[in-house]
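First the structure, in the form of structure tokens, and then the observations on it.
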Amino acid sequence: MSHIPMVGLRHDVDTGYDFTHGIEPVSRLEDRNDARSTFFVRVRLLKGHPERVRILERLQDDGWEIGLHLDNTVASPKEPSPQEELEELTLLGFRVHGVTPHGGLYGFKGWVTWEVMDSLGLDYMMGYPPFPKHHRTPIIGPHHTIDFLVKELGARKGVEVLLQRLDSDIGERGYGVVLMHPLYMKFSVGPSLTFNAVKVSRRQGLRAYVLKQVDRGFKALYTLLGVRRVGEAYTVFLREARDRGWELVRIHDILNTR
Ligand SMILES: [Zn+2]
């Protein structure tokens, strides 16, 4: 195990907004804090968008890691196979070491998704507990999502709780992991009263759907008001983490030095 505590920085790239409003500011901020991170990307966002590919290429050249944010988490025959998603990303020239599940299309489906990710034969995978007992691919995690913490507790308290949780992870495993969605550099996560809406998808019925739309409206309003944006919380977090002497790294780096 490494002597310097490590915190892996993970970003899930879910939408076009992440490219236009999130990825570049987040990487500049990390650069200023001597940090590097991993961007997990949905391959379908790159189709017909060479400018998005170029953004990621530049990041890879400058020491960031590009990983697979898997859409087909259940290996459905209706979508390109998980293997095809991986191949597409690799063919674009990205050195893919790890995979994370995207929540929007099929979402994380427990052992089914673990098995699908394991079948890709990558260097590591990430998901949600309970972790499987039998698997070949090393698992990194669990992780803490700063966006959810800011939404639930506000920026100040959210960062405080995040640092406490990382402290305890580092004590237990020698490392911690933080997830931040890049679009929240600009966009607000909205108020805590719609916190439960972040966990529902359109497939879960009308009530859940309405809740999600209400949450969207609040997010737009809060974004206009300039409150509860994660960018400020992430800035404070990076500084505090550095002050504690933690090394802020790509997910792949955790694996290499464990
Ligand atoms: Zn996602």
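Here's how to read the names in the structure tokens: chain A, B, ... by the order shown, residue numbers from 1 in each chain, ligand numbers from 1 in the order shown.
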* To do: Using backbone DSSP assignments, extract all helix (DSSP H, G or I) residues from segment 18-240 of chain A; output them as an MDAnalysis selection string.
  => chainID A and resid 18:32 43:45 50:61 82:91 110:118 146:153 155:173 182:185 192:199 202:204 206:225 230:240
* To do: Write out as a ChimeraX atom specification each polymer residue (protein, DNA or RNA) that has an atom no more than 9 Å from ligand 1, with only C-alpha atoms and all ligand atoms counted.
  => /A:11-15,40-42,69-71,100-105,107,181
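Near Pro5 of chain A, within 7 Å and counting only C-alpha atoms, sit A:Ser2, A:His3, A:Val7, A:Ile170, A:Gly174, A:Tyr175, A:Trp246, A:Glu247, not including residues fewer than 2 positions from it in the same chain.
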For segment 76-134 of chain A against segment 138-157 of chain A, with a cut-off of 10 Å and counting only C-alpha atoms, what is the closest atom pair and its distance in Å to one decimal for every residue that makes the cut, ordered by chain and number, as a Markdown table?
```
| residue | atom | partner | partner_atom | distance |
| --- | --- | --- | --- | --- |
| A:Gly98 | CA | A:Ile140 | CA | 9.5 |
| A:Val99 | CA | A:Ile139 | CA | 10.0 |
| A:Trp114 | CA | A:Ile139 | CA | 9.7 |
| A:Asp118 | CA | A:Pro138 | CA | 8.8 |
| A:Gly121 | CA | A:Pro138 | CA | 9.8 |
| A:Leu122 | CA | A:Pro138 | CA | 8.6 |
| A:Asp123 | CA | A:Pro138 | CA | 6.7 |
| A:Tyr124 | CA | A:Pro138 | CA | 4.8 |
| A:Met125 | CA | A:Ile139 | CA | 5.1 |
| A:Met126 | CA | A:Ile140 | CA | 5.5 |
| A:Gly127 | CA | A:Pro142 | CA | 7.4 |
| A:Tyr128 | CA | A:Pro142 | CA | 6.7 |
| A:Pro129 | CA | A:Pro142 | CA | 7.3 |
| A:Pro130 | CA | A:Pro142 | CA | 9.8 |
| A:Phe131 | CA | A:Ile139 | CA | 8.2 |
| A:Pro132 | CA | A:Ile139 | CA | 9.3 |
```
* **DSSP-assigned strand (DSSP E or B) among segment 129-245 of chain A, expressed as number ranges by chain** => A: 139, 144-145, 175-179, 188, 229
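Among A:His49, A:His252, A:Arg173, A:Arg58, the residue with the shortest atom-to-atom distance to His97 of chain A, counting only C-alpha atoms, is A:His252.
Our summary of the geometry notes that atom CA of Asp18 of chain A is positioned 22.4 Å from atom CA of Glu87 of chain A.
The residue that comes closest to Gln213 of chain A, out of A:Leu248, A:Arg10, A:Gly158, A:Gly190 and on the basis of only C-alpha atoms, is A:Gly190.
The nearest approach to Leu255 of chain A among the residues A:Ser76, A:Val43, A:Gly176, A:Met185, with only C-alpha atoms taken into account, belongs to A:Gly176.
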* **Of the listed residues A:Ser81, A:Val74, A:Arg229, A:Gln164, that which approaches Lys109 of chain A most closely, counting only C-alpha atoms** => A:Val74
* Expressed in Å to a single decimal, how great is the separation between atom CA of Phe39 of chain A and atom CA of Phe94 of chain A? -> 11.2 Å
* Separation of atom CA of Gly63 of chain A from atom CA of Glu30 of chain A, in Å and rounded to one decimal -> 11.4 Å
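Comparing the minimum interatomic distances between Leu166 of chain A and each of A:Met180, A:Met6, A:Leu45, A:Ala220, counting only C-alpha atoms, we find that A:Met6 sits nearest.
Counting only C-alpha atoms, Gly93 of chain A has the following residues at most 10 Å away, ignoring those fewer than 4 positions along the same chain: Val53, Glu57, Gln60, Glu87, Glu88 and Leu89 of chain A.
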Please save C-alpha atoms of the selected residues as a PDB file, in the first residue's frame.
```pdb
ATOM      1  CA  VAL A  53     -13.157  13.410 -29.284  1.00  0.00           C
ATOM      2  CA  GLU A  57      -7.575  13.364 -26.735  1.00  0.00           C
ATOM      3  CA  GLN A  60      -5.334  12.009 -22.348  1.00  0.00           C
ATOM      4  CA  GLU A  87     -14.053  -1.401 -28.835  1.00  0.00           C
ATOM      5  CA  GLU A  88     -15.410   1.861 -30.187  1.00  0.00           C
ATOM      6  CA  LEU A  89     -13.694   3.846 -27.444  1.00  0.00           C
TER       7      LEU A  89
END
```
